[in-house]
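Next comes structure30.txt, a file with compact mmCIF, C-alpha atoms.
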```
# COMPACT_ATOMS: atom_id res chain seq x y z
CA MET A 1 -0.25 22.99 -6.33
CA SER A 2 2.03 20.05 -7.12
CA LEU A 3 1.84 16.72 -5.35
CA MET A 4 4.39 16.16 -2.59
CA SER A 5 7.25 13.80 -3.34
CA PHE A 6 6.77 10.30 -1.96
CA ALA A 7 8.87 10.20 1.21
CA PRO A 8 11.06 7.22 2.07
CA SER A 9 9.62 5.00 4.78
CA ARG A 10 10.29 1.57 6.19
CA PRO A 11 8.11 -1.01 4.42
CA LEU A 12 5.20 -2.28 6.53
CA SER A 13 5.72 0.27 9.28
CA ILE A 14 2.40 1.20 10.92
CA GLY A 15 0.82 4.29 12.42
CA VAL A 16 -2.63 4.69 13.94
CA GLU A 17 -4.93 7.69 14.29
CA LEU A 18 -8.02 7.48 16.53
CA GLU A 19 -10.77 10.10 16.79
CA LEU A 20 -12.30 10.11 20.27
CA GLN A 21 -15.56 11.32 21.82
CA LEU A 22 -15.57 13.87 24.65
CA LEU A 23 -18.53 13.43 26.98
CA SER A 24 -20.13 15.31 29.84
CA CYS A 25 -20.03 13.24 33.01
CA ASN A 26 -23.53 14.51 33.84
CA ASP A 27 -25.57 13.17 30.92
CA TYR A 28 -22.88 11.57 28.70
CA ASN A 29 -23.80 13.76 25.75
CA LEU A 30 -20.97 15.26 23.73
CA VAL A 31 -19.35 18.30 25.31
CA SER A 32 -17.27 21.03 23.62
CA SER A 33 -14.18 20.48 25.79
CA ALA A 34 -11.46 19.90 23.18
CA PRO A 35 -9.68 23.26 23.79
CA ASP A 36 -9.50 22.61 27.55
CA MET A 37 -8.44 19.01 27.03
CA LEU A 38 -5.67 19.94 24.63
CA ARG A 39 -4.33 22.64 26.96
CA ARG A 40 -4.27 20.15 29.82
CA ILE A 41 -2.60 17.43 27.74
CA GLU A 42 0.12 19.84 26.57
CA ARG A 43 1.43 19.94 30.16
CA THR A 44 2.01 16.17 30.28
CA PRO A 45 4.83 14.42 28.42
CA HIS A 46 3.41 11.75 26.14
CA PRO A 47 4.31 9.76 23.04
CA GLY A 48 2.76 10.40 19.66
CA ASP A 49 0.49 13.40 19.18
CA VAL A 50 -2.90 14.66 20.36
CA LYS A 51 -4.71 17.05 18.02
CA PRO A 52 -8.04 18.82 17.51
CA GLU A 53 -10.63 17.59 15.05
CA MET A 54 -13.52 19.18 13.13
CA THR A 55 -15.71 20.00 16.13
CA ARG A 56 -14.90 20.81 19.73
CA SER A 57 -16.41 17.62 21.12
CA MET A 58 -13.72 15.40 19.62
CA ILE A 59 -9.95 15.00 19.67
CA GLU A 60 -7.53 12.76 17.76
CA ILE A 61 -4.63 10.72 19.07
CA ASN A 62 -1.81 9.73 16.69
CA THR A 63 0.90 7.16 17.37
CA SER A 64 4.47 7.50 16.25
CA VAL A 65 5.81 5.13 13.58
CA GLN A 66 5.65 1.57 14.91
CA HIS A 67 6.54 -1.85 13.53
CA GLU A 68 4.84 -4.50 15.68
CA TYR A 69 1.82 -5.09 17.88
CA GLY A 70 3.52 -4.98 21.30
CA ALA A 71 5.02 -1.53 20.92
CA LEU A 72 1.94 -0.21 19.11
CA VAL A 73 -0.52 -1.28 21.79
CA GLU A 74 1.73 0.07 24.56
CA GLU A 75 1.91 3.49 22.90
CA LEU A 76 -1.86 3.54 22.40
CA ARG A 77 -2.32 2.66 26.06
CA SER A 78 -0.02 5.51 27.07
CA LEU A 79 -1.95 7.95 24.90
CA ARG A 80 -5.24 6.63 26.27
CA ASN A 81 -4.02 7.14 29.83
CA VAL A 82 -2.85 10.71 29.19
CA VAL A 83 -6.15 11.65 27.54
CA SER A 84 -8.21 9.87 30.21
CA ASP A 85 -6.31 11.56 33.06
CA ALA A 86 -6.91 14.97 31.47
CA GLY A 87 -10.58 14.09 31.15
CA ARG A 88 -10.87 13.07 34.79
CA PHE A 89 -9.29 16.37 35.86
CA LEU A 90 -11.83 18.30 33.76
CA ASN A 91 -14.81 16.02 34.59
CA VAL A 92 -14.92 14.89 30.96
CA ALA A 93 -15.28 11.26 29.94
CA VAL A 94 -13.56 9.88 26.82
CA ALA A 95 -14.94 7.09 24.65
CA GLY A 96 -14.34 5.15 21.45
CA GLY A 97 -17.10 4.17 19.05
CA GLY A 98 -17.92 5.47 15.57
CA THR A 99 -20.93 7.67 16.41
CA HIS A 100 -22.43 9.22 19.51
CA PRO A 101 -25.88 7.64 19.90
CA PHE A 102 -28.00 10.71 20.74
CA GLN A 103 -26.07 13.93 20.02
CA HIS A 104 -27.57 16.43 17.56
CA TRP A 105 -25.27 17.83 14.87
CA SER A 106 -26.78 21.33 15.13
CA GLU A 107 -25.42 21.66 18.66
CA GLN A 108 -21.81 21.03 17.66
CA LYS A 109 -19.23 23.83 17.44
CA ILE A 110 -16.47 24.00 14.85
CA PHE A 111 -12.97 23.94 16.34
CA ASP A 112 -11.27 27.32 15.92
CA ALA A 113 -8.68 26.54 13.25
CA PRO A 114 -8.42 27.91 9.68
CA ARG A 115 -8.81 24.54 7.92
CA PHE A 116 -11.89 23.60 9.94
CA HIS A 117 -13.52 26.97 9.29
CA HIS A 118 -12.76 26.57 5.58
CA LEU A 119 -14.38 23.13 5.53
CA SER A 120 -17.39 24.46 7.42
CA GLU A 121 -17.88 27.22 4.84
CA LEU A 122 -17.40 24.75 1.97
CA TYR A 123 -19.58 21.88 3.20
CA GLY A 124 -22.16 23.70 5.30
CA TYR A 125 -24.06 21.54 7.78
CA LEU A 126 -22.15 18.44 6.61
CA ALA A 127 -19.12 19.75 8.54
CA LYS A 128 -21.01 19.53 11.85
CA GLN A 129 -22.51 16.20 10.85
CA PHE A 130 -18.89 15.07 10.49
CA THR A 131 -18.82 14.72 14.28
CA ILE A 132 -18.12 11.05 13.78
CA PHE A 133 -15.19 9.01 14.98
CA GLY A 134 -12.87 6.84 12.92
CA GLN A 135 -9.61 4.93 13.00
CA HIS A 136 -7.05 5.54 10.26
CA VAL A 137 -4.19 3.09 9.70
CA HIS A 138 -0.97 3.98 7.83
CA ILE A 139 1.16 1.28 6.21
CA GLY A 140 4.69 2.14 5.05
CA CYS A 141 5.59 1.42 1.42
CA THR A 142 8.91 1.06 -0.40
CA GLY A 143 7.95 3.61 -3.05
CA PRO A 144 5.04 5.31 -4.81
CA ASP A 145 4.28 2.60 -7.40
CA GLU A 146 4.31 -0.01 -4.63
CA ALA A 147 1.90 2.19 -2.66
CA LEU A 148 -0.59 2.29 -5.54
CA HIS A 149 -0.29 -1.48 -6.00
CA LEU A 150 -0.97 -2.08 -2.30
CA MET A 151 -3.81 0.45 -2.24
CA HIS A 152 -5.70 -1.33 -5.03
CA MET A 153 -5.01 -4.84 -3.74
CA LEU A 154 -6.13 -3.95 -0.20
CA SER A 155 -9.35 -2.45 -1.58
CA ARG A 156 -10.72 -5.97 -2.01
CA TYR A 157 -10.61 -6.33 1.78
CA ILE A 158 -12.25 -3.04 2.74
CA PRO A 159 -15.33 -4.99 4.00
CA HIS A 160 -13.05 -6.84 6.46
CA PHE A 161 -11.89 -3.60 8.06
CA ILE A 162 -15.39 -2.11 8.20
CA ALA A 163 -16.94 -5.22 9.74
CA LEU A 164 -14.22 -5.78 12.35
CA SER A 165 -14.25 -2.18 13.58
CA ALA A 166 -18.00 -1.47 13.23
CA SER A 167 -19.23 0.33 16.36
CA SER A 168 -21.81 2.88 15.22
CA PRO A 169 -25.34 1.44 15.16
CA PHE A 170 -27.07 4.37 16.91
CA VAL A 171 -27.67 7.85 15.47
CA GLN A 172 -29.78 10.60 17.11
CA GLY A 173 -31.45 8.21 19.52
CA HIS A 174 -32.32 5.44 17.08
CA ASP A 175 -30.85 2.12 16.03
CA THR A 176 -30.16 2.66 12.33
CA GLY A 177 -30.01 -1.05 11.53
CA PHE A 178 -26.44 -0.49 10.28
CA ALA A 179 -23.36 -1.99 11.86
CA SER A 180 -21.42 1.11 10.76
CA ALA A 181 -23.73 4.08 10.30
CA ARG A 182 -20.72 6.39 10.56
CA LEU A 183 -19.69 5.70 6.98
CA ASN A 184 -23.04 6.97 5.68
CA SER A 185 -21.89 10.44 6.79
CA VAL A 186 -18.53 10.04 5.05
CA PHE A 187 -20.24 9.04 1.79
CA SER A 188 -22.03 12.42 1.74
CA PHE A 189 -18.78 14.15 0.79
CA PRO A 190 -18.19 14.58 -2.96
CA LEU A 191 -14.62 13.23 -2.93
CA SER A 192 -15.32 10.07 -0.94
CA GLY A 193 -15.40 6.46 -2.15
CA ARG A 194 -12.60 4.73 -4.03
CA ALA A 195 -9.44 6.14 -5.53
CA PRO A 196 -9.04 6.25 -9.33
CA PHE A 197 -7.59 3.16 -10.95
CA VAL A 198 -4.04 4.21 -11.82
CA LEU A 199 -1.03 1.97 -11.31
CA ARG A 200 1.93 4.29 -11.86
CA TRP A 201 2.81 7.32 -9.76
CA ASP A 202 3.43 9.39 -12.88
CA ASP A 203 -0.22 8.82 -13.86
CA PHE A 204 -1.39 9.62 -10.34
CA GLU A 205 0.54 12.89 -10.44
CA GLN A 206 -1.22 13.76 -13.72
CA PHE A 207 -4.60 12.99 -12.13
CA PHE A 208 -3.74 15.15 -9.12
CA GLU A 209 -2.65 18.02 -11.36
CA LYS A 210 -5.93 17.86 -13.30
CA MET A 211 -7.91 17.94 -10.06
CA THR A 212 -5.99 20.88 -8.64
CA THR A 213 -6.35 22.91 -11.84
CA THR A 214 -10.12 22.57 -11.52
CA GLY A 215 -9.89 24.22 -8.11
CA VAL A 216 -11.72 21.31 -6.49
CA VAL A 217 -8.75 20.16 -4.40
CA GLU A 218 -5.65 21.75 -2.93
CA SER A 219 -3.98 18.77 -1.26
CA MET A 220 -4.37 15.04 -0.62
CA LYS A 221 -6.36 15.95 2.51
CA ASP A 222 -9.25 16.94 0.25
CA PHE A 223 -9.74 13.35 -0.90
CA TYR A 224 -11.93 11.36 1.51
CA TRP A 225 -11.23 8.05 -0.21
CA ASP A 226 -11.51 4.74 1.63
CA ILE A 227 -7.78 4.24 1.05
CA ARG A 228 -5.49 7.01 -0.13
CA PRO A 229 -1.73 7.46 -0.59
CA LYS A 230 0.02 9.82 1.84
CA PRO A 231 3.19 10.80 -0.01
CA GLU A 232 4.52 13.04 2.77
CA PHE A 233 4.61 9.99 5.08
CA GLY A 234 5.52 7.37 2.46
CA THR A 235 2.39 5.38 3.32
CA ILE A 236 -1.05 4.40 2.26
CA GLU A 237 -3.84 5.31 4.68
CA VAL A 238 -6.83 3.02 5.32
CA ARG A 239 -9.71 5.25 6.42
CA VAL A 240 -12.87 3.12 6.67
CA CYS A 241 -12.69 1.87 10.26
CA ASP A 242 -14.91 3.11 13.08
CA THR A 243 -12.95 3.94 16.22
CA PRO A 244 -13.07 0.66 18.16
CA LEU A 245 -14.23 0.54 21.78
CA THR A 246 -10.72 -0.26 23.15
CA VAL A 247 -7.15 0.51 22.13
CA GLU A 248 -6.35 -3.20 22.13
CA ILE A 249 -8.87 -3.82 19.35
CA ALA A 250 -7.61 -0.77 17.46
CA ALA A 251 -4.05 -2.10 17.57
CA ALA A 252 -5.18 -5.60 16.55
CA ILE A 253 -7.04 -4.29 13.48
CA ALA A 254 -4.00 -2.20 12.48
CA CYS A 255 -1.75 -5.26 12.71
CA TYR A 256 -4.27 -7.37 10.77
CA ILE A 257 -4.01 -4.79 7.95
CA GLN A 258 -0.20 -4.85 8.25
CA ALA A 259 -0.05 -8.66 8.02
CA MET A 260 -2.41 -8.62 5.05
CA ALA A 261 -0.19 -6.02 3.36
CA ARG A 262 2.84 -8.29 3.83
CA TYR A 263 0.90 -11.22 2.39
CA ILE A 264 0.03 -9.12 -0.69
CA MET A 265 3.58 -7.87 -1.17
CA VAL A 266 5.34 -11.21 -0.62
CA GLU A 267 2.89 -13.87 -1.82
CA GLN A 268 0.12 -12.31 -3.90
CA ARG A 269 2.13 -10.66 -6.65
CA VAL A 270 -0.72 -10.42 -9.14
CA ALA A 271 -1.55 -7.17 -10.86
CA PRO A 272 -4.65 -5.22 -9.77
CA GLU A 273 -7.42 -4.99 -12.36
CA GLU A 274 -10.20 -2.44 -12.89
CA ASP A 275 -12.69 -5.31 -12.61
CA ASP A 276 -11.57 -5.84 -9.00
CA TYR A 277 -13.94 -2.94 -8.26
CA LEU A 278 -17.01 -4.49 -9.94
CA VAL A 279 -18.55 -5.51 -6.60
CA TYR A 280 -16.69 -2.98 -4.46
CA THR A 281 -19.70 -0.83 -3.59
CA PHE A 282 -21.92 -3.86 -2.94
CA ASN A 283 -19.38 -5.48 -0.62
CA ARG A 284 -18.77 -2.23 1.23
CA PHE A 285 -22.51 -1.71 1.74
CA GLN A 286 -22.92 -5.25 3.05
CA ALA A 287 -20.19 -4.62 5.63
CA CYS A 288 -21.72 -1.30 6.71
CA ARG A 289 -25.24 -2.70 6.94
CA PHE A 290 -24.67 -6.18 8.34
CA GLY A 291 -21.11 -6.21 9.69
CA LEU A 292 -19.59 -9.66 10.00
CA GLU A 293 -22.85 -11.23 8.80
CA GLY A 294 -22.71 -9.37 5.48
CA ILE A 295 -22.30 -11.09 2.12
CA PHE A 296 -18.89 -10.90 0.47
CA ILE A 297 -18.51 -11.56 -3.26
CA ASP A 298 -15.02 -12.32 -4.53
CA PRO A 299 -14.52 -9.94 -7.49
CA ARG A 300 -12.49 -12.50 -9.48
CA THR A 301 -14.15 -15.86 -8.73
CA HIS A 302 -17.64 -14.46 -7.95
CA GLU A 303 -17.82 -16.87 -5.00
CA GLN A 304 -20.18 -15.70 -2.22
CA ARG A 305 -19.55 -16.20 1.48
CA SER A 306 -20.04 -14.26 4.71
CA ILE A 307 -17.54 -11.54 5.58
CA ARG A 308 -16.83 -13.49 8.79
CA ASP A 309 -15.85 -16.56 6.77
CA ASP A 310 -13.68 -14.53 4.40
CA ILE A 311 -11.82 -13.03 7.37
CA ALA A 312 -11.34 -16.49 8.90
CA ASP A 313 -9.88 -17.71 5.60
CA MET A 314 -7.55 -14.70 5.44
CA LEU A 315 -6.34 -15.30 9.00
CA THR A 316 -5.23 -18.78 7.93
CA ARG A 317 -3.39 -17.44 4.89
CA ILE A 318 -1.52 -14.69 6.75
CA THR A 319 -0.45 -16.71 9.82
CA GLY A 320 3.16 -16.96 8.69
CA HIS A 321 3.30 -13.26 7.87
CA ALA A 322 1.81 -12.33 11.25
CA ALA A 323 4.46 -14.49 12.93
CA GLU A 324 7.24 -12.68 11.02
CA LEU A 325 5.73 -9.34 12.15
CA ARG A 326 5.38 -10.52 15.78
CA SER A 327 1.65 -9.90 15.74
CA MET A 328 0.22 -13.32 16.61
CA GLU A 329 -1.45 -11.87 19.72
CA ALA A 330 -3.20 -9.37 17.46
CA MET A 331 -4.46 -12.17 15.22
CA GLU A 332 -5.87 -13.95 18.28
CA ARG A 333 -7.84 -10.80 19.12
CA ILE A 334 -9.22 -10.79 15.57
CA ARG A 335 -10.27 -14.42 15.95
CA GLU A 336 -12.01 -13.53 19.22
CA LEU A 337 -13.93 -10.78 17.42
CA LEU A 338 -15.22 -13.33 14.93
CA ILE A 339 -16.68 -15.29 17.85
CA THR A 340 -17.81 -12.59 20.30
CA GLY A 341 -18.75 -9.93 17.74
CA ASN A 342 -17.67 -6.36 16.98
CA GLY A 343 -18.38 -3.14 18.84
CA THR A 344 -21.86 -2.88 17.35
CA ASN A 345 -22.75 -6.22 18.94
CA TRP A 346 -21.49 -4.95 22.31
CA LEU A 347 -23.46 -1.71 21.99
CA ARG A 348 -26.72 -3.40 21.05
CA GLN A 349 -26.36 -6.00 23.80
CA THR A 350 -25.59 -3.27 26.35
CA TYR A 351 -28.59 -1.20 25.28
CA ALA A 352 -30.85 -4.26 25.45
CA ARG A 353 -29.74 -4.68 29.05
CA GLU A 354 -29.68 -1.02 30.16
CA HIS A 355 -32.57 0.43 28.08
CA ASN A 356 -30.92 3.87 28.23
CA LEU A 357 -28.40 5.30 25.76
CA GLY A 358 -26.89 7.60 28.38
CA ASP A 359 -26.06 4.55 30.50
CA VAL A 360 -24.63 2.84 27.42
CA MET A 361 -22.32 5.81 26.85
CA GLN A 362 -21.19 5.78 30.48
CA LEU A 363 -20.27 2.11 30.19
CA GLN A 364 -18.65 2.75 26.79
CA ALA A 365 -16.47 5.46 28.35
CA ASP A 366 -15.60 3.17 31.27
CA LEU A 367 -14.53 0.52 28.75
CA TRP A 368 -12.29 2.96 26.87
CA MET A 369 -10.74 4.65 29.92
CA SER A 370 -10.06 1.49 31.94
CA ASN A 371 -6.39 0.62 32.42
```

Encoding of this model in structure tokens:
Amino acid sequence: MSLMSFAPSRPLSIGVELELQLLSCNDYNLVSSAPDMLRRIERTPHPGDVKPEMTRSMIEINTSVQHEYGALVEELRSLRNVVSDAGRFLNVAVAGGGTHPFQHWSEQKIFDAPRFHHLSELYGYLAKQFTIFGQHVHIGCTGPDEALHLMHMLSRYIPHFIALSASSPFVQGHDTGFASARLNSVFSFPLSGRAPFVLRWDDFEQFFEKMTTTGVVESMKDFYWDIRPKPEFGTIEVRVCDTPLTVEIAAAIACYIQAMARYIMVEQRVAPEEDDYLVYTFNRFQACRFGLEGIFIDPRTHEQRSIRDDIADMLTRITGHAAELRSMEAMERIRELLITGNGTNWLRQTYAREHNLGDVMQLQADLWMSN
């Protein structure tokens, strides 16, 4: 199978995908209500798209193509309201967050769709363990070579996106000690991690052809990379974020990525290097384990600082770009996160107060569904 042609798209356009938890209003465990939710949502006009995901206790909302924070957050709010109203009708709560804190993977049911059944047969129990919840952000690119350039340059900042969105400390009733335990499940898949270091689309097409001839992959969907090109959309897709606890934070993180992309394209016109990935795995682990408190090592200068400090420095550098993109409100939300903490901080503080993960999930759903 040949790689799709890289579609034209408006540079720095943004799109957001959010995977959401469906919860029983009795015990706030996951509930297999996706088919009923989707049927109910089909009856209501709404922007964007609402789709099934791997198991029946999750759904995904997708925005249309957007260009700035105001319109993006309004569309996400509209999608949230449609999904929340359907949930209330069916006595199902909806929540953000990267993992459910006490569900058991063996109880999950694969959504009845050919691709999901194929993945279940291929990956076995890992498919049900993939009942985890992430945010994907698409950034429009002028062309395929530009997309590869942006993909590699943004890879340096993967720890930023993990730490800001981290909201998955609990797994199967226990605090894992990780800020983002969700990504440990993603790393189990054989085609996860970083993309290969190629800088020209012709070379990427050759790589894709080699992979398809092995029979390992059929399409770009089979690559679970942290960032991957999406030629059919004309974008790159950042895939490392947990689903945040509110749509406002989700939109802010998307616009932070957008402003950073503009900074790279306009100001930072240096070529990516293979050595940029020397500390990639270390930095990513630090973000997953410790969140904003993690250590960040600059791959070129070898300077060490906290991820929080590196984000604060980046916010200063991209201020002008955020202003051009009309996303200053989004940057203020990012600054607030550096002070108040990410979703993992909220979850741990709430559990320390409530002492019951079911109560935490009820409050988490209230936070997500509130208008």

Region 353-359 of chain A: which residues within 12 Å, counting all atoms listed in the file, same-chain residues fewer than 2 positions away excluded, as a ChimeraX atom specification? /A:23-30,100-103,169-175,346-351,361-366

If you count only C-alpha atoms, which residues fall within 10 Å of Asp226 (chain A), apart from same-chain ones fewer than 4 positions away, as a list in words? His136, Met151, Ser155, Ile158, Leu183, Val186, Phe187, Ser192, Gly193, Arg194, Ala195, Glu237, Val238, Arg239, Val240 and Cys241 of chain A

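Considering the residues A:Leu315, A:Leu245, A:Ala95, A:Leu338 and counting all atoms listed in the file, Met260 (chain A) has its shortest atom-to-atom contact with A:Leu315.
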
Just want the 9 Å neighbourhood of region 274-281 of chain A, counted on only C-alpha atoms, with same-chain residues fewer than 4 positions away dropped. Output as a ChimeraX atom specification. /A:152-153,155-156,158-159,193-194,197,285-286,296-300

Work out how far CA of Gly177 (chain A) is from CA of Arg289 (chain A), in Å to one decimal.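 We find that CA of Arg289 (chain A) and CA of Gly177 (chain A) lie 6.8 Å from each other.
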
Interatomic distance, CA of Thr212 (chain A) to CA of Glu146 (chain A) (Å, one decimal):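 One can read the CA of Thr212 (chain A) to CA of Glu146 (chain A) distance as 23.6 Å.
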
Within 8 Å of region 129-133 of chain A, which residues of region 159-267 of chain A come that close, and what is the closest atom pair and distance in Å for each? Count all atoms listed in the file and give it as a Markdown table.
```
| residue | atom | partner | partner_atom | distance |
| --- | --- | --- | --- | --- |
| A:Arg182 | CA | A:Ile132 | CA | 6.2 |
| A:Ser185 | CA | A:Phe130 | CA | 6.6 |
| A:Val186 | CA | A:Phe130 | CA | 7.4 |
| A:Asp242 | CA | A:Phe133 | CA | 6.2 |
| A:Thr243 | CA | A:Phe133 | CA | 5.7 |
```

Near Asp313 (chain A), counting all atoms listed in the file, which residues have an atom at most 12 Å away, once you skip same-chain residues fewer than 6 positions from it, shown as an mmCIF file with C-alpha atoms, in the frame of the given file?
```
data_model
loop_
_atom_site.group_PDB
_atom_site.id
_atom_site.type_symbol
_atom_site.label_atom_id
_atom_site.label_comp_id
_atom_site.auth_asym_id
_atom_site.auth_seq_id
_atom_site.Cartn_x
_atom_site.Cartn_y
_atom_site.Cartn_z
ATOM 1 C CA HIS A 160 -13.050 -6.840 6.460
ATOM 2 C CA MET A 260 -2.410 -8.620 5.050
ATOM 3 C CA ARG A 305 -19.550 -16.200 1.480
ATOM 4 C CA SER A 306 -20.040 -14.260 4.710
ATOM 5 C CA ILE A 307 -17.540 -11.540 5.580
ATOM 6 C CA THR A 319 -0.450 -16.710 9.820
ATOM 7 C CA ARG A 335 -10.270 -14.420 15.950
ATOM 8 C CA LEU A 338 -15.220 -13.330 14.930
#
```

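Note that the spacing between CA of Pro196 (chain A) and CA of Gln135 (chain A) amounts to 22.4 Å.
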